[in-house]
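Asker: Just data_35.cif, nothing more (mmCIF, C-alpha atoms and all ligand atoms):
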```
data_my_file
#
loop_
_atom_site.label_atom_id
_atom_site.label_comp_id
_atom_site.auth_asym_id
_atom_site.auth_seq_id
_atom_site.Cartn_x
_atom_site.Cartn_y
_atom_site.Cartn_z
CA MET A 13 10.85 -1.08 -27.46
CA ASN A 14 7.55 -2.24 -26.00
CA LYS A 15 5.64 -0.09 -23.57
CA VAL A 16 5.53 -1.89 -20.23
CA GLY A 17 3.59 -1.06 -17.11
CA ILE A 18 0.55 -1.76 -14.96
CA GLY A 19 -2.24 -3.54 -16.82
CA LYS A 20 -4.55 -4.20 -13.88
CA ILE A 21 -4.76 -3.13 -10.23
CA GLY A 22 -6.37 -5.32 -7.55
CA PHE A 23 -7.21 -4.12 -4.05
CA TYR A 24 -8.39 -5.90 -0.92
CA THR A 25 -8.90 -4.73 2.62
CA PRO A 26 -10.48 -6.71 5.49
CA PRO A 27 -14.25 -6.47 6.05
CA PHE A 28 -14.08 -4.41 9.29
CA TYR A 29 -13.19 -0.83 10.12
CA LEU A 30 -12.90 1.46 13.11
CA ASP A 31 -14.03 5.08 12.98
CA MET A 32 -11.19 7.39 13.96
CA THR A 33 -13.51 9.62 15.98
CA ASP A 34 -14.35 6.61 18.18
CA LEU A 35 -10.65 5.85 18.60
CA ALA A 36 -9.89 9.48 19.48
CA HIS A 37 -12.59 9.49 22.18
CA ALA A 38 -11.28 6.22 23.63
CA ARG A 39 -7.71 7.57 23.76
CA GLY A 40 -8.68 10.96 25.17
CA ASP A 41 -7.64 12.87 22.05
CA GLU A 42 -9.46 15.51 20.03
CA PRO A 43 -11.09 13.80 17.00
CA ALA A 44 -9.76 16.63 14.79
CA LYS A 45 -6.21 15.56 15.61
CA TYR A 46 -6.92 12.24 13.87
CA THR A 47 -9.19 13.42 11.05
CA ILE A 48 -7.36 16.70 10.23
CA GLY A 49 -3.96 16.56 11.94
CA ILE A 50 -3.26 12.99 10.79
CA GLY A 51 -5.84 13.00 7.98
CA GLN A 52 -7.51 9.62 8.58
CA ASP A 53 -11.26 8.95 8.88
CA GLN A 54 -11.31 5.17 9.31
CA MET A 55 -8.87 2.33 9.85
CA ALA A 56 -9.09 -1.23 8.53
CA VAL A 57 -9.35 -3.87 11.26
CA THR A 58 -8.12 -7.41 10.59
CA PRO A 59 -10.01 -10.49 11.81
CA ILE A 60 -8.00 -13.61 12.71
CA SER A 61 -9.13 -15.19 9.42
CA GLN A 62 -7.05 -12.71 7.36
CA ASP A 63 -3.27 -12.55 7.12
CA ILE A 64 -0.77 -11.38 4.51
CA VAL A 65 -1.30 -14.47 2.35
CA SER A 66 -5.11 -14.44 2.32
CA MET A 67 -5.15 -10.68 1.72
CA ALA A 68 -2.66 -11.01 -1.16
CA VAL A 69 -4.79 -13.76 -2.71
CA ASN A 70 -7.96 -11.71 -2.27
CA ALA A 71 -6.31 -8.77 -4.07
CA GLY A 72 -4.98 -11.05 -6.84
CA LEU A 73 -8.39 -12.67 -7.36
CA GLN A 74 -9.84 -9.25 -8.17
CA ILE A 75 -7.80 -9.05 -11.35
CA ILE A 76 -6.30 -12.22 -12.77
CA ASN A 77 -8.00 -14.45 -15.33
CA ASP A 78 -6.94 -17.77 -16.85
CA GLU A 79 -4.95 -16.13 -19.63
CA ASP A 80 -2.97 -14.15 -17.03
CA ARG A 81 -2.45 -17.35 -14.98
CA SER A 82 -0.81 -19.03 -17.97
CA LYS A 83 1.45 -16.04 -18.71
CA ILE A 84 2.66 -15.00 -15.24
CA ASP A 85 6.35 -15.87 -14.84
CA LEU A 86 7.02 -13.89 -11.67
CA VAL A 87 5.00 -13.82 -8.46
CA ILE A 88 6.62 -11.19 -6.23
CA VAL A 89 5.20 -10.42 -2.80
CA GLY A 90 6.42 -7.37 -0.91
CA THR A 91 5.66 -7.44 2.81
CA GLU A 92 6.99 -6.36 6.17
CA SER A 93 4.47 -8.47 8.10
CA ALA A 94 5.94 -11.87 7.25
CA PHE A 95 4.95 -14.73 9.59
CA ASP A 96 7.73 -17.00 8.40
CA ALA A 97 11.39 -16.07 8.27
CA SER A 98 12.13 -18.79 5.72
CA LYS A 99 9.19 -19.91 3.58
CA SER A 100 8.08 -17.22 1.18
CA SER A 101 4.48 -15.99 1.26
CA ALA A 102 4.70 -15.79 -2.55
CA VAL A 103 4.68 -19.60 -2.73
CA TYR A 104 1.30 -19.82 -0.98
CA VAL A 105 0.00 -17.02 -3.21
CA HIS A 106 1.24 -18.78 -6.36
CA GLU A 107 -0.60 -21.97 -5.33
CA LEU A 108 -3.82 -20.35 -4.12
CA LEU A 109 -4.09 -18.20 -7.26
CA ASN A 110 -3.46 -21.27 -9.41
CA ILE A 111 -0.66 -19.72 -11.46
CA GLN A 112 1.19 -21.85 -14.03
CA PRO A 113 3.84 -24.02 -12.31
CA HIS A 114 6.98 -22.73 -14.07
CA ALA A 115 7.01 -19.34 -12.40
CA ARG A 116 9.51 -17.73 -10.05
CA SER A 117 7.85 -16.88 -6.71
CA PHE A 118 9.60 -14.93 -4.00
CA GLU A 119 9.10 -12.43 -1.22
CA ILE A 120 10.90 -9.11 -0.93
CA LYS A 121 11.49 -7.21 2.26
CA HIS A 122 12.34 -3.58 2.42
CA ALA A 123 9.79 -1.92 4.72
CA CYS A 124 7.19 -0.04 2.65
CA TYR A 125 9.46 0.05 -0.41
CA ALA A 126 9.34 -3.71 -1.19
CA ALA A 127 6.47 -3.64 -3.70
CA THR A 128 8.21 -0.87 -5.65
CA ALA A 129 11.40 -2.95 -5.79
CA GLY A 130 9.22 -5.78 -7.13
CA LEU A 131 7.48 -3.53 -9.63
CA GLN A 132 10.76 -2.25 -11.08
CA MET A 133 12.10 -5.82 -11.34
CA ALA A 134 8.90 -6.93 -13.01
CA LYS A 135 9.08 -4.02 -15.46
CA ASP A 136 12.60 -5.01 -16.50
CA TYR A 137 11.59 -8.68 -16.86
CA VAL A 138 8.57 -7.94 -19.02
CA THR A 139 10.60 -5.48 -21.12
CA LEU A 140 12.91 -8.42 -21.97
CA HIS A 141 10.01 -10.92 -22.31
CA PRO A 142 7.09 -8.87 -23.65
CA ASP A 143 4.88 -11.91 -24.23
CA ARG A 144 5.01 -12.75 -20.50
CA LYS A 145 3.51 -11.10 -17.37
CA ALA A 146 4.42 -10.56 -13.72
CA LEU A 147 2.26 -10.29 -10.62
CA VAL A 148 3.52 -7.92 -7.92
CA ILE A 149 1.66 -7.76 -4.60
CA GLY A 150 2.15 -5.56 -1.56
CA THR A 151 0.39 -7.01 1.51
CA ASP A 152 0.62 -5.92 5.14
CA VAL A 153 -1.01 -5.44 8.50
CA ALA A 154 0.33 -2.26 10.11
CA ARG A 155 0.59 -2.79 13.87
CA TYR A 156 2.08 -0.34 16.35
CA GLY A 157 0.13 -1.51 19.39
CA LEU A 158 -2.90 -0.35 21.37
CA ALA A 159 -2.74 3.19 22.75
CA THR A 160 0.64 3.93 21.15
CA GLY A 161 1.55 7.06 19.17
CA GLY A 162 1.48 5.06 15.97
CA GLU A 163 -1.93 3.45 16.61
CA VAL A 164 -3.77 6.11 14.63
CA THR A 165 -1.63 5.19 11.58
CA GLN A 166 -2.45 1.47 11.53
CA GLY A 167 -4.37 -0.31 8.75
CA ALA A 168 -4.37 -3.47 6.65
CA GLY A 169 -4.74 -4.51 3.05
CA ALA A 170 -3.13 -5.71 -0.14
CA MET A 171 -2.55 -4.30 -3.62
CA ALA A 172 -1.96 -6.52 -6.65
CA LEU A 173 -0.35 -5.12 -9.80
CA LEU A 174 -0.34 -7.07 -13.04
CA VAL A 175 2.67 -5.97 -15.09
CA SER A 176 2.47 -6.50 -18.85
CA ALA A 177 3.49 -5.09 -22.22
CA ASP A 178 1.07 -2.56 -23.74
CA PRO A 179 -0.57 -2.05 -20.33
CA THR A 180 -4.14 -0.86 -20.02
CA ILE A 181 -3.62 1.47 -17.05
CA LEU A 182 -0.15 3.02 -16.60
CA ILE A 183 2.94 2.93 -18.85
CA LEU A 184 6.02 3.04 -16.62
CA GLU A 185 8.71 5.40 -17.89
CA LYS A 186 12.38 4.48 -18.00
CA ASP A 187 13.81 7.21 -15.81
CA SER A 188 13.70 6.69 -12.10
CA ALA A 189 15.62 8.27 -9.23
CA TYR A 190 16.44 6.39 -6.05
CA THR A 191 18.62 6.56 -2.98
CA THR A 192 19.62 4.41 0.02
CA LYS A 193 20.83 5.50 3.46
CA ASP A 194 21.16 3.48 6.67
CA ILE A 195 18.91 5.14 9.26
CA MET A 196 16.78 3.94 12.22
CA ASP A 197 13.41 5.60 11.74
CA PHE A 198 11.14 2.54 11.77
CA TRP A 199 11.97 -1.15 12.18
CA ARG A 200 10.64 -4.41 13.59
CA PRO A 201 13.05 -6.94 15.13
CA VAL A 202 11.90 -10.52 14.38
CA TYR A 203 11.03 -11.10 18.05
CA SER A 204 8.56 -8.22 18.11
CA GLU A 205 5.03 -8.32 16.72
CA TYR A 206 4.88 -4.53 16.77
CA ALA A 207 6.80 -2.00 14.71
CA MET A 208 9.21 0.28 16.52
CA VAL A 209 9.33 3.84 15.34
CA ASP A 210 10.93 7.18 15.98
CA GLY A 211 7.82 9.01 14.77
CA LYS A 212 9.02 12.58 14.28
CA TYR A 213 12.35 11.45 12.83
CA SER A 214 10.53 9.16 10.38
CA ASN A 215 8.46 12.11 9.15
CA GLU A 216 11.59 14.23 8.65
CA GLN A 217 13.38 11.43 6.82
CA TYR A 218 10.39 10.77 4.56
CA LEU A 219 10.50 14.43 3.46
CA SER A 220 14.27 14.46 3.14
CA PHE A 221 14.26 11.33 0.93
CA PHE A 222 11.44 12.80 -1.16
CA ASN A 223 13.40 16.02 -1.76
CA THR A 224 16.53 14.05 -2.66
CA VAL A 225 14.91 11.78 -5.24
CA TRP A 226 12.67 14.49 -6.69
CA ASN A 227 15.70 16.73 -7.31
CA LEU A 228 17.65 13.79 -8.74
CA TYR A 229 14.74 12.93 -11.03
CA LYS A 230 14.60 16.50 -12.35
CA GLU A 231 18.36 16.47 -13.01
CA LYS A 232 18.18 13.11 -14.80
CA THR A 233 15.22 13.99 -17.00
CA ASN A 234 15.33 17.76 -17.43
CA ARG A 235 11.66 17.72 -16.49
CA SER A 236 10.01 20.05 -13.99
CA ILE A 237 6.86 20.16 -11.91
CA ALA A 238 5.06 21.49 -14.99
CA ASP A 239 5.44 18.02 -16.55
CA ILE A 240 3.63 16.27 -13.69
CA LYS A 241 -0.16 16.10 -13.82
CA ALA A 242 -0.50 14.55 -10.35
CA PHE A 243 1.68 13.17 -7.57
CA SER A 244 1.00 9.88 -5.86
CA PHE A 245 2.68 9.17 -2.51
CA HIS A 246 3.39 6.39 -0.10
CA LEU A 247 0.82 7.36 2.52
CA PRO A 248 1.48 6.12 6.06
CA TYR A 249 -1.31 8.64 6.79
CA THR A 250 -2.68 11.19 4.37
CA LYS A 251 -1.19 14.27 6.08
CA MET A 252 2.30 12.87 5.32
CA GLY A 253 1.62 13.12 1.59
CA LYS A 254 0.25 16.61 2.04
CA LYS A 255 3.49 17.65 3.72
CA ALA A 256 5.50 16.17 0.86
CA LEU A 257 3.39 17.95 -1.75
CA GLN A 258 3.93 21.24 0.08
CA GLU A 259 7.68 20.77 -0.33
CA VAL A 260 7.45 21.02 -4.13
CA LEU A 261 4.41 23.25 -4.70
CA PRO A 262 6.47 26.49 -4.56
CA GLU A 263 8.14 25.33 -7.82
CA ALA A 264 4.79 25.68 -9.65
CA ASP A 265 2.82 28.74 -10.77
CA ASP A 266 -0.44 29.60 -8.98
CA ALA A 267 -2.75 27.74 -11.35
CA LYS A 268 -0.59 24.61 -11.28
CA GLN A 269 -0.38 24.75 -7.49
CA LYS A 270 -4.17 24.83 -7.28
CA ALA A 271 -4.55 21.97 -9.77
CA LEU A 272 -1.96 19.75 -8.04
CA SER A 273 -3.50 20.40 -4.62
CA ALA A 274 -7.04 19.69 -5.84
CA ILE A 275 -6.21 16.39 -7.49
CA PHE A 276 -4.09 15.37 -4.51
CA GLU A 277 -7.08 15.87 -2.17
CA GLU A 278 -9.29 13.83 -4.53
CA SER A 279 -6.69 11.06 -4.56
CA LEU A 280 -6.88 10.56 -0.79
CA ALA A 281 -10.38 9.05 -0.73
CA PHE A 282 -9.44 5.36 -0.32
CA ASN A 283 -6.39 5.93 1.90
CA ARG A 284 -8.45 7.99 4.37
CA LEU A 285 -10.72 4.96 4.88
CA VAL A 286 -8.09 2.21 5.12
CA GLY A 287 -5.03 3.61 6.91
CA ASN A 288 -1.47 2.52 6.35
CA ILE A 289 -1.06 -0.70 4.40
CA TYR A 290 2.73 -0.30 4.28
CA THR A 291 3.97 -1.90 0.99
CA GLY A 292 0.64 -1.32 -0.74
CA SER A 293 0.01 2.25 0.44
CA LEU A 294 1.50 4.01 -2.60
CA TYR A 295 -0.46 1.75 -4.95
CA LEU A 296 -3.67 2.27 -2.99
CA ASN A 297 -3.10 5.98 -3.48
CA LEU A 298 -2.43 5.44 -7.19
CA LEU A 299 -5.67 3.44 -7.52
CA SER A 300 -7.55 6.08 -5.56
CA LEU A 301 -6.07 8.83 -7.76
CA LEU A 302 -7.05 7.04 -10.96
CA GLU A 303 -10.56 6.22 -9.67
CA ASN A 304 -11.32 9.51 -7.88
CA GLY A 305 -9.08 12.16 -9.49
CA LYS A 306 -11.00 14.49 -11.80
CA GLY A 307 -9.87 15.43 -15.29
CA LEU A 308 -7.20 12.76 -15.80
CA LYS A 309 -6.66 11.71 -19.39
CA ALA A 310 -4.47 9.44 -21.49
CA GLY A 311 -0.89 10.68 -21.73
CA ASP A 312 -0.93 12.50 -18.38
CA ARG A 313 2.26 11.94 -16.39
CA ILE A 314 1.87 10.69 -12.79
CA GLY A 315 4.83 11.09 -10.39
CA LEU A 316 5.11 8.34 -7.79
CA PHE A 317 7.11 8.54 -4.56
CA SER A 318 7.90 5.31 -2.77
CA TYR A 319 9.49 5.34 0.69
CA GLY A 320 10.64 2.39 2.77
CA SER A 321 12.02 3.15 6.19
CA GLY A 322 15.50 2.12 6.96
CA ALA A 323 15.65 3.60 4.23
CA VAL A 324 15.18 3.69 0.46
CA GLY A 325 13.31 6.34 -1.51
CA GLU A 326 12.41 6.23 -5.20
CA PHE A 327 10.68 8.68 -7.50
CA PHE A 328 9.43 7.39 -10.85
CA THR A 329 6.80 8.31 -13.38
CA GLY A 330 4.14 6.67 -15.49
CA LEU A 331 1.97 7.84 -18.36
CA ILE A 332 -1.74 7.15 -18.23
CA ALA A 333 -2.62 4.63 -20.94
CA GLU A 334 -5.24 5.16 -23.64
CA ASP A 335 -7.95 2.89 -22.18
CA PHE A 336 -7.20 3.35 -18.48
CA LYS A 337 -10.86 3.84 -17.53
CA LYS A 338 -11.67 0.42 -18.97
CA GLY A 339 -8.79 -1.13 -17.00
CA LEU A 340 -10.11 0.21 -13.70
CA ALA A 341 -12.78 -1.60 -11.73
CA SER A 342 -15.02 1.51 -11.63
CA ASP A 343 -17.25 1.18 -8.55
CA LYS A 344 -16.01 -2.20 -7.33
CA TYR A 345 -13.59 -0.87 -4.73
CA THR A 346 -15.84 1.94 -3.54
CA GLU A 347 -18.37 -0.84 -2.89
CA LEU A 348 -15.80 -3.05 -1.12
CA LEU A 349 -15.13 -0.17 1.28
CA ALA A 350 -18.81 0.71 1.73
CA LYS A 351 -19.74 -2.89 2.57
CA ARG A 352 -17.32 -3.16 5.51
CA GLN A 353 -18.76 -3.52 8.98
CA GLN A 354 -17.99 -0.88 11.59
CA VAL A 355 -16.59 -2.17 14.89
CA THR A 356 -16.47 -0.55 18.31
CA VAL A 357 -13.16 0.21 20.02
CA ALA A 358 -13.75 -2.82 22.32
CA GLU A 359 -14.33 -5.10 19.28
CA TYR A 360 -11.23 -3.71 17.56
CA GLU A 361 -9.13 -4.31 20.68
CA ALA A 362 -10.45 -7.87 20.95
CA MET A 363 -9.56 -8.60 17.29
CA PHE A 364 -6.21 -6.90 17.68
CA THR A 365 -5.19 -9.06 20.62
CA GLN A 366 -6.46 -12.39 19.26
CA ASN A 367 -3.35 -14.39 18.44
CA LEU A 368 -2.65 -17.63 16.59
CA PRO A 369 -1.09 -20.40 18.72
CA GLU A 370 2.71 -20.35 18.76
CA ASP A 371 3.26 -23.69 20.52
CA GLY A 372 2.23 -25.96 17.66
CA SER A 373 -1.27 -26.61 19.02
CA ALA A 374 -4.14 -26.65 16.54
CA LEU A 375 -6.70 -23.92 16.00
CA THR A 376 -9.67 -24.11 13.66
CA ILE A 377 -10.62 -20.57 12.79
CA ASP A 378 -14.23 -19.49 12.86
CA THR A 379 -14.69 -17.57 9.61
CA ALA A 380 -18.44 -16.96 9.99
CA ASN A 381 -17.97 -13.18 10.11
CA ASP A 382 -15.68 -13.08 7.04
CA SER A 383 -17.10 -13.74 3.58
CA SER A 384 -13.84 -12.88 1.74
CA ALA A 385 -12.96 -15.28 -1.09
CA CYS A 386 -9.73 -16.44 0.58
CA ARG A 387 -9.52 -17.08 4.33
CA LEU A 388 -7.11 -18.58 6.82
CA VAL A 389 -9.03 -21.56 8.24
CA GLU A 390 -6.62 -23.58 10.34
CA VAL A 391 -3.25 -23.59 12.06
CA LYS A 392 -1.82 -26.96 13.02
CA ASP A 393 1.74 -28.17 13.68
CA HIS A 394 2.94 -24.58 12.96
CA LYS A 395 1.41 -24.75 9.45
CA ARG A 396 -1.26 -22.42 8.08
CA SER A 397 -4.10 -23.63 5.80
CA TYR A 398 -6.30 -21.48 3.60
CA ILE A 399 -9.42 -21.93 1.55
CA VAL A 400 -10.42 -20.13 -1.63
CA LYS A 401 -14.09 -20.28 -2.41
N1 LIG B 501 -6.89 19.58 15.44
C1 LIG B 501 -6.20 19.55 14.27
N2 LIG B 501 -4.90 19.13 14.20
C2 LIG B 501 -4.32 18.72 15.34
C3 LIG B 501 -4.99 18.72 16.57
C4 LIG B 501 -6.33 19.18 16.60
N3 LIG B 501 -7.05 19.19 17.74
N4 LIG B 501 -4.13 18.25 17.51
C5 LIG B 501 -2.96 17.96 16.89
N5 LIG B 501 -3.08 18.24 15.57
C6 LIG B 501 -2.07 18.07 14.51
C7 LIG B 501 -0.67 18.47 14.92
O1 LIG B 501 -0.49 19.87 14.82
C8 LIG B 501 0.15 17.68 13.91
O2 LIG B 501 0.12 18.34 12.67
P1 LIG B 501 1.51 18.68 11.92
O3 LIG B 501 2.23 17.37 11.78
O4 LIG B 501 1.08 19.28 10.64
O5 LIG B 501 2.25 19.61 12.83
C9 LIG B 501 -0.66 16.40 13.74
O6 LIG B 501 -1.96 16.69 14.25
C10 LIG B 501 -0.09 15.23 14.49
O7 LIG B 501 0.13 15.62 15.80
P2 LIG B 501 1.41 15.16 16.61
O8 LIG B 501 2.64 15.38 15.79
O9 LIG B 501 1.34 15.76 17.96
O10 LIG B 501 1.09 13.60 16.68
P3 LIG B 501 1.83 12.47 17.43
O11 LIG B 501 2.96 12.97 18.25
O12 LIG B 501 0.77 11.70 18.11
O13 LIG B 501 2.51 11.58 16.26
C11 LIG B 501 3.01 10.44 14.24
C12 LIG B 501 2.11 11.51 14.91
C13 LIG B 501 4.48 10.80 14.45
C14 LIG B 501 2.70 10.40 12.76
C15 LIG B 501 2.71 9.08 14.92
O14 LIG B 501 1.37 8.71 14.68
C16 LIG B 501 3.61 7.94 14.42
O15 LIG B 501 4.68 7.71 14.96
N6 LIG B 501 3.17 7.20 13.35
C17 LIG B 501 3.94 6.09 12.82
C18 LIG B 501 5.14 6.54 11.99
C19 LIG B 501 4.81 7.11 10.63
O16 LIG B 501 3.73 6.90 10.08
N7 LIG B 501 5.79 7.81 10.04
C20 LIG B 501 5.62 8.33 8.70
C21 LIG B 501 6.93 8.42 7.95
S1 LIG B 501 7.75 6.84 7.91
C22 LIG B 501 6.96 5.97 6.67
O17 LIG B 501 6.29 6.53 5.85
C23 LIG B 501 7.11 4.48 6.63
C24 LIG B 501 5.87 3.88 7.18
O18 LIG B 501 4.93 3.58 6.46
C25 LIG B 501 5.80 3.64 8.61
#
```
Take the structure in the file and write it out as structure tokens.
Answerer:
Amino acid sequence: MNKVGIGKIGFYTPPFYLDMTDLAHARGDEPAKYTIGIGQDQMAVTPISQDIVSMAVNAGLQIINDEDRSKIDLVIVGTESAFDASKSSAVYVHELLNIQPHARSFEIKHACYAATAGLQMAKDYVTLHPDRKALVIGTDVARYGLATGGEVTQGAGAMALLVSADPTILILEKDSAYTTKDIMDFWRPVYSEYAMVDGKYSNEQYLSFFNTVWNLYKEKTNRSIADIKAFSFHLPYTKMGKKALQEVLPEADDAKQKALSAIFEESLAFNRLVGNIYTGSLYLNLLSLLENGKGLKAGDRIGLFSYGSGAVGEFFTGLIAEDFKKGLASDKYTELLAKRQQVTVAEYEAMFTQNLPEDGSALTIDTANDSSACRLVEVKDHKRSYIVK
């Protein structure tokens, strides 16, 4: 059987960010609550010229070449920020990325779990068709509203995963443990532009789902914490992952506890600067782990926990591939983050409240402050238009 997994990882986040210390001052909170208690330093801020489609395309453009375009049979977009209840964002992405016409393109919704559902589907497809590839993208803008409890856990961005046989970065293993339970911890009715959340309950449920699938995984595989080199988590904010790690650390000896904690801290670098990107958050943490984690080598087993409110949890593992360093973009994403422009709280609030027309009137979008490759440029007759430079 062929080895199948992640061959390339693309990442995009909008070109603006807000410093969490500035936000804390504006909201009358202690900065340490945000930077230590929540574990976030900065938060991505989205201009009107970026939406889930343009961000997905910008992430895809980081990784796909013409050979990939001719081999991609599946374009799967996971999102919980859809702007259309019928037309799939994956169709725009397929067109704007110029992927061969005879592909299946569709959008999956299951809160922050959707990209993982797509990844597992893509893995099965490529296992059956090892000469073909699949593109899985998680793209979201996390919005709880100004001066809400969830505001500090907002963010925006997209992750693109190219799934192929003999992958360059991560070989996905067969065994996976998952569970579903109907709960109301976080949701967004279609009439609301903001997520609704029972914050404390969502934290408890995240941990409960993690414990369930981790224990199930151990039962299924006869593996233990000793077999895991590093954990990667869905990170709504980095402290959430820290709490999850603390649940399992007591199963390890002292040296292993230290090693797992150290590499976990290293893995947080990108997430601390971007915030929650919902469907892409786990894969941003995986990228950050692979780029910033010290001492990783081929054959190391990474344990990934995906959580989508509502809720589904899944724990699965991947083995680091032989040439993973070559497959990574080295400094490209560190640079993308460093080049972003800082905004003030007033500028963030202005961007946050700038809305597209909902009455069918036309708006030409000024993209002068956004040099991203793909941008939303016009809305007219309830239709969105994009350009790719
Ligand atoms: N210095 C250091 N730490 C401080 C501090 C200070 N001055 N002041 C407070 N803190 C600490 C608190 O002790 C607390 O730490 P612990 O959780 O370890 O106890 C932490 O800062 C947060 O403080 P609060 O619990 O008082 O914060 P809050 O009531 O404002 O709410 C939140 C935090 C519930 C995460 C809220 O931001 C929220 O609702 N976020 C959205 C929901 C969410 O992200 N849920 C995660 C699980 S669901 C999921 O994963 C799906 C998804 O993507 C949404």
Asker: To check your reading of the model: which residues sit at most 9 Å from ligand LIG 501 (chain B) when counting all atoms listed in the file? Write the answer as a PyMOL selection string.
Answerer: chain A and resi 41-51+123-125+154+156+160-166+197-199+207-219+246-249+251-252+255+288-291+293+318-323
Asker: Could you tell me which of A:Arg387, A:Lys392, A:Lys351, A:Arg284 comes closest to Glu370 (chain A) if we count only C-alpha atoms?
Answerer: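 That would be A:Lys392, the residue with the smallest distance to Glu370 (chain A).
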Asker: Out of A:Leu280, A:Leu340, A:Ile84, A:Val324, which residue has the shortest atom-to-atom distance to Lys193 (chain A) when counting all atoms listed in the file?
Answerer: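 Closest candidate: A:Val324.
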Asker: Fewer than 5 positions away in the same chain doesn't count, so skip those; otherwise give me all residues within 9 Å of region 58-72 of chain A, counting only C-alpha atoms, as a PyMOL selection string.
Answerer: chain A and resi 21-29+89+91+93-95+101-102+104-106+108-109+147+149-153+167-174+360+363-364+366-368+377-379+381-382+384-390+398-400
Asker: If I wrap all listed atoms of region 180-197 of chain A in a box with edges along x, y and z and add 4 Å on each side, what are its centre and edge lengths in Å to one decimal, as lines of an AutoDock Vina configuration file?
Answerer:
```
center_x = 8.5
center_y = 3.7
center_z = -3.9
size_x = 33.3
size_y = 17.1
size_z = 40.2
```
Asker: Within 8 Å of Leu298 (chain A), counting all atoms listed in the file, which residues qualify if same-chain residues fewer than 4 places away don't, as a list in words?
Answerer: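 Counting only the stated atoms, we get Ser244, Phe245, Ser279, Leu294 and Leu302 of chain A.
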Asker: Save out the residues we just selected, C-alpha atoms, as a CSV table (one decimal), in the frame of the given file.
Answerer:
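Contents of the output file selection12.csv:
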```csv
chain,number,residue,atom,x,y,z
A,244,SER,CA,1.0,9.9,-5.9
A,245,PHE,CA,2.7,9.2,-2.5
A,279,SER,CA,-6.7,11.1,-4.6
A,294,LEU,CA,1.5,4.0,-2.6
A,302,LEU,CA,-7.0,7.0,-11.0
```
